[in-house]
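Visitor: Before I ask anything, here is the structure I am working with.
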Amino acid sequence: MAAAFPHHAVQEKAASGAPAEGSGDMGADRKAGNAVVESENIVAENIVAETAERIFADLADAQTINRDSKGGWKAPLWQALSEAGLPLSWVPEDCAGSGANLAEGFSVLSAAGRFAVAVPLAETMLAGWLLAQAKIASPEGAMTVAPASPKDRIALGADGALSGRARGVPFAKDAGHLAVLAQGTSGLSIALVAASACRIEPGLNLAGDGNDTVTFNNVQPAAIKPAPKGFDQTSLMLMGAVARSLQIAGALESMLDISVRYSNERVAFEKKISKFQAVQHNLARLAGETAAAMTAASSAADTIANAAGFDDAVFLEATSAKIRCAEAAEKGAAIAHQVHGAIGYTLEHILHRYTMRALAWRDDFGNESYWAVELGKRVAARGADELWPLVASR
Amino acid sequence: MTAALRFDPIRLPPECERLRKEVRSFLAEEIAAGTFDPHSPQGGDTDVPGFSKRVGERGWIGMTWPKKYGGHERSFLERYVVTEEMRVANAPTRRFFVADRQSGPVLLKYAPEHIKMDILPRICRGEVCFSIGMSEPNSGSDLFAAKTKATKTDGGWLINGTKIWTSSAQVANYMVAIFRTSPPTKENRRHGLTQFLVDMKTPGIKVNPIAQLTGKAEFNEVVFEDAFVADDHMLGEIDGAWKQATSELAYERSGPERFLETYYVLTELVRALGEEPDNRGAEGVGRLVAQLHTMRRMSVSVAGMLHAGKEPVVEASIVKDIGTIWEQQLPQRVRDLAAFVEPDASNHEILDTVLPFAMKVAPKLTIQGGTTEVLRGIIARGLGLR
């Protein structure tokens, strides 16, 4: 369907109070333009998100995780997510996945952000989605994607082997396989590669999650097929950027939530600190940044979910989401820490799980400075008088 | 979650896009005919009566009101499109905008039938201009400190006191104002204010324009000395204006006019930087466009909630807080980014003209229609902090 006129019109949204019967099927296909189908999809989206939320609440509670220095929570969480089919949400059933639609998968990522989930869920979803673009079936287990930065290139040689280096690949050390976008002489290909075939230098992001350098030294892929027409590295980066935007927005929701709660409990100068106007105004600003991040991320996700391809509308929405969510992460994390004072700076308190992840996620799939330059160049090339029509088209 | 903020990805429906095209071609005709200059934001505020009437003829004033009163029964989202296109074009909407956004809806809700039948159709035709009498010399953000008194007399009320910072009062036909009809009570300091409709031709009203730092005099001091307002001009509940005021704030606070006031400097920055800006210019433009796009998506989301009959008071306050700060900072960011534009290049003349004006407009944007501090108080209340 045309991206210019998304069907999430208000009238259709208003009809979303429809009963839920028969719509719990995660395999429901993406359909458009019909208010009834639309409302069923919204209900289904909620069921997938609710499943994710329930698993996170049971097995990824921030307090429990924070006390468990050995990471014993990871295996049960991953198993529950896998049993629910969530890591392969975006893989069609004929590629061994759960066949959820894009919107459903995006809602899982928002929930993952709210819980600051530190297992390769988003990465496996992205990898499965990338492989599915070329109709390559996904293996079981954790995956990640390479490249994860717009500046890195993986080359496909005439002998069918991959070479090159991908920096800042999230959770590569934890993954069994990588989904790789590679550039050959006759165009782009998508490959499935065993992690054991690559050289992986481990690294950590701000939050202590895996952020590794992967070197492909004439690596033979386990499967490789041409990328579909029109799909390029920018497409992959934009999809990754929107995933990270949703996670950042989710983390900000939690920062706001726990900061408000803390300010209503903590007493200083003989009253709750929530009664001080300076604190109230800081929290109001945090709410504003959270609102901006939620809006930008969900708008971009909605655009990709309803677009035929990675067109100008997706570019504006996805780059804006990554830029604005990253800016919100910076401002929001600073306020959340300010409200908490010294206790929020301890390892013991859960706040860092959200703030450090939101800040770290800014760097994946193109940071905000990179995307701002790219967006600025496109706006300039269109010309000054075409800027408003572009903004108004969304 | 303690704070259940909602900003769903609501899109404007297809009929809005048809309307947008109509508005754009209408504005292009007006610009071609010399009615106003889109590159002159000063002109955007100029009083151009002919323009208002032509907008009225198109059916773009009172768009959402009942046909019975001259309205057009179109959607709130269609009105949104008209507002944003007019604002971006710097069209001279001042004469009808206040009546369209605020005063008309108040009359619709609280005025007696014969007054509605008399005034609303004239608003829709672009014939009458409204002002809003809220602030007083010692009552600005603290609205409920208002002292201007309405004293009961035969068949009506006598008004005595002074309103101030009243935009458009020098050209307005009517004012919707709040006056004190009773003292505040111990339990409720907001008690005792009543909303009235005032005909500005009433004897005993004197309007003194106040020069602003821009050099223009768009706001005024309005002095009432035994000005008579008839009983049927009282709007709503006696002593209960505070209840009426708060529920309408979401409409006033979340519209496109709350982040597009200085938009023209961004267009002109893009023009001045040219088709191939350096990384510094490109990054700056990219961030500003991302922020603008996000603001607009937030604003449209609130419009969609209003359209669906909800009252997103906190969300609307967030839009105005973030939106007005953005439009206030925009001229400064544009100045930063234009610092390296070649002085001999030919595409920065308009920017050079409009940027100083935007700089001068900027300070008022976070004050008018609810200050940042008041808005953050409302947001804090919504978060459960007070």
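Residue numbering restarts at 1 for every chain of the structure tokens, chains are lettered A, B, ... in their displayed order, and ligands are numbered from 1 as they appear.
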I need the strand (DSSP E) residues of range 150-382 of chain B per DSSP on the backbone, written as an NGL selection string.
Guide: :B and (150-153 or 156-167 or 174-180 or 193-199 or 205-210 or 219-230 or 234-235)
Visitor: Give me the residues near Leu316 in chain A as an MDAnalysis selection string, where near means some atom within 8 Å (using only C-alpha atoms) and where sequence neighbours in that chain fewer than 3 positions away do not count.
Guide: (chainID A and resid 312:313 319:320 375) or (chainID B and resid 290)
Visitor: Need to verify the contact set: Asn138 in chain B, 10 Å, only C-alpha atoms, exclusion of same-chain residues closer than 6 positions in sequence. Can you return it as a CSV table (one decimal) with N, CA and C atoms, in the first residue's frame?
Guide:
```csv
chain,number,residue,atom,x,y,z
B,145,ALA,N,-6.5,36.0,41.0
B,145,ALA,CA,-6.3,37.2,41.8
B,145,ALA,C,-7.0,38.4,41.1
B,146,ALA,N,-7.7,38.1,40.0
B,146,ALA,CA,-8.3,39.2,39.2
B,146,ALA,C,-9.3,40.1,40.1
B,147,LYS,N,-9.2,41.4,39.9
B,147,LYS,CA,-10.0,42.3,40.8
B,147,LYS,C,-11.0,43.1,40.1
B,162,THR,N,-9.3,47.3,35.5
B,162,THR,CA,-8.4,47.4,34.3
B,162,THR,C,-7.9,46.0,33.9
B,163,LYS,N,-8.0,45.7,32.6
B,163,LYS,CA,-7.4,44.5,32.1
B,163,LYS,C,-6.1,44.9,31.4
B,164,ILE,N,-5.2,44.0,31.3
B,164,ILE,CA,-3.9,44.4,30.6
B,164,ILE,C,-3.3,43.3,29.8
```
Visitor: Please report, as a PyMOL selection string, each residue of range 61-131 of chain B to which DSSP assigns helix (DSSP H, G or I) when run on this structure's backbone.
Guide: chain B and resi 67-69+76-88+94-110+113-124
Visitor: Write a file of the just-selected residues containing N, CA and C atoms, as a compact mmCIF listing (two decimals), in the first residue's frame.
Guide:
```
# COMPACT_ATOMS: atom_id res chain seq x y z
N LYS B 67 -24.03 24.06 11.78
CA LYS B 67 -24.42 24.85 10.61
C LYS B 67 -25.41 25.94 10.98
N LYS B 68 -26.25 25.60 11.95
CA LYS B 68 -27.26 26.52 12.44
C LYS B 68 -26.68 27.90 12.81
N TYR B 69 -25.44 27.89 13.30
CA TYR B 69 -24.80 29.15 13.70
C TYR B 69 -23.76 29.62 12.67
N PHE B 76 -12.44 18.45 13.83
CA PHE B 76 -11.39 19.18 14.51
C PHE B 76 -10.04 19.00 13.78
N LEU B 77 -9.88 17.85 13.15
CA LEU B 77 -8.62 17.58 12.43
C LEU B 77 -8.54 18.40 11.14
N GLU B 78 -9.70 18.63 10.50
CA GLU B 78 -9.69 19.49 9.32
C GLU B 78 -9.32 20.92 9.71
N ARG B 79 -9.86 21.37 10.84
CA ARG B 79 -9.50 22.69 11.33
C ARG B 79 -7.99 22.77 11.59
N TYR B 80 -7.44 21.68 12.09
CA TYR B 80 -6.01 21.62 12.39
C TYR B 80 -5.18 21.92 11.13
N VAL B 81 -5.60 21.32 10.02
CA VAL B 81 -4.86 21.49 8.76
C VAL B 81 -4.92 22.95 8.29
N VAL B 82 -6.09 23.56 8.39
CA VAL B 82 -6.23 24.95 7.98
C VAL B 82 -5.32 25.83 8.85
N THR B 83 -5.34 25.59 10.15
CA THR B 83 -4.53 26.40 11.07
C THR B 83 -3.05 26.28 10.74
N GLU B 84 -2.57 25.06 10.52
CA GLU B 84 -1.12 24.92 10.32
C GLU B 84 -0.69 25.49 8.97
N GLU B 85 -1.52 25.34 7.94
CA GLU B 85 -1.13 25.91 6.64
C GLU B 85 -1.12 27.44 6.68
N MET B 86 -2.09 28.04 7.36
CA MET B 86 -2.14 29.50 7.48
C MET B 86 -0.92 30.01 8.25
N ARG B 87 -0.57 29.28 9.31
CA ARG B 87 0.53 29.71 10.17
C ARG B 87 1.86 29.64 9.43
N VAL B 88 2.07 28.54 8.71
CA VAL B 88 3.33 28.38 7.99
C VAL B 88 3.47 29.42 6.87
N ARG B 94 -4.86 37.11 12.42
CA ARG B 94 -5.10 37.67 13.75
C ARG B 94 -6.55 38.10 13.97
N ARG B 95 -7.17 38.61 12.92
CA ARG B 95 -8.50 39.17 13.07
C ARG B 95 -9.57 38.13 13.44
N PHE B 96 -9.37 36.90 13.02
CA PHE B 96 -10.40 35.89 13.29
C PHE B 96 -9.94 34.73 14.17
N PHE B 97 -8.62 34.63 14.39
CA PHE B 97 -8.11 33.41 15.00
C PHE B 97 -8.58 33.20 16.44
N VAL B 98 -8.60 34.28 17.23
CA VAL B 98 -8.99 34.15 18.64
C VAL B 98 -10.46 33.73 18.75
N ALA B 99 -11.31 34.33 17.91
CA ALA B 99 -12.73 33.98 17.93
C ALA B 99 -12.93 32.54 17.50
N ASP B 100 -12.16 32.13 16.49
CA ASP B 100 -12.29 30.78 15.95
C ASP B 100 -11.83 29.74 16.97
N ARG B 101 -10.70 30.01 17.62
CA ARG B 101 -10.14 29.01 18.52
C ARG B 101 -10.85 28.99 19.86
N GLN B 102 -11.13 30.17 20.41
CA GLN B 102 -11.49 30.23 21.81
C GLN B 102 -12.84 30.86 22.11
N SER B 103 -13.04 32.10 21.61
CA SER B 103 -14.23 32.83 22.03
C SER B 103 -15.50 32.20 21.47
N GLY B 104 -15.47 31.81 20.20
CA GLY B 104 -16.64 31.17 19.59
C GLY B 104 -17.08 29.94 20.37
N PRO B 105 -16.15 29.00 20.64
CA PRO B 105 -16.53 27.83 21.43
C PRO B 105 -17.11 28.17 22.81
N VAL B 106 -16.61 29.25 23.45
CA VAL B 106 -17.16 29.67 24.74
C VAL B 106 -18.61 30.12 24.56
N LEU B 107 -18.86 30.93 23.53
CA LEU B 107 -20.23 31.40 23.27
C LEU B 107 -21.14 30.22 22.98
N LEU B 108 -20.65 29.29 22.13
CA LEU B 108 -21.45 28.11 21.79
C LEU B 108 -21.93 27.38 23.03
N LYS B 109 -21.05 27.32 24.01
CA LYS B 109 -21.34 26.54 25.20
C LYS B 109 -22.20 27.32 26.20
N TYR B 110 -21.95 28.62 26.33
CA TYR B 110 -22.55 29.33 27.46
C TYR B 110 -23.46 30.49 27.11
N GLU B 113 -29.33 31.71 23.38
CA GLU B 113 -29.56 31.42 21.96
C GLU B 113 -29.53 32.65 21.05
N HIS B 114 -30.19 33.75 21.48
CA HIS B 114 -30.27 34.90 20.57
C HIS B 114 -28.90 35.54 20.34
N ILE B 115 -28.02 35.43 21.34
CA ILE B 115 -26.67 35.98 21.14
C ILE B 115 -25.87 35.07 20.21
N LYS B 116 -26.04 33.77 20.39
CA LYS B 116 -25.36 32.83 19.49
C LYS B 116 -25.78 33.08 18.05
N MET B 117 -27.11 33.25 17.85
CA MET B 117 -27.62 33.45 16.49
C MET B 117 -27.12 34.76 15.90
N ASP B 118 -26.87 35.74 16.77
CA ASP B 118 -26.41 37.04 16.30
C ASP B 118 -24.92 37.04 15.96
N ILE B 119 -24.10 36.52 16.90
CA ILE B 119 -22.66 36.74 16.77
C ILE B 119 -21.92 35.63 16.02
N LEU B 120 -22.29 34.38 16.30
CA LEU B 120 -21.51 33.27 15.71
C LEU B 120 -21.46 33.31 14.18
N PRO B 121 -22.60 33.57 13.49
CA PRO B 121 -22.50 33.64 12.02
C PRO B 121 -21.58 34.76 11.54
N ARG B 122 -21.53 35.85 12.31
CA ARG B 122 -20.64 36.95 11.91
C ARG B 122 -19.17 36.57 12.09
N ILE B 123 -18.89 35.78 13.13
CA ILE B 123 -17.51 35.27 13.29
C ILE B 123 -17.16 34.41 12.08
N CYS B 124 -18.09 33.52 11.71
CA CYS B 124 -17.84 32.59 10.60
C CYS B 124 -17.63 33.34 9.28
```
Visitor: Counting only C-alpha atoms, which residue out of A:Val117, A:Ile136, A:Ala207, A:Ala305 sits closest to Asn101 in chain A?
Guide: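 Ranking A:Val117, A:Ile136, A:Ala207, A:Ala305 by distance to Asn101 in chain A, first place goes to A:Ala305.
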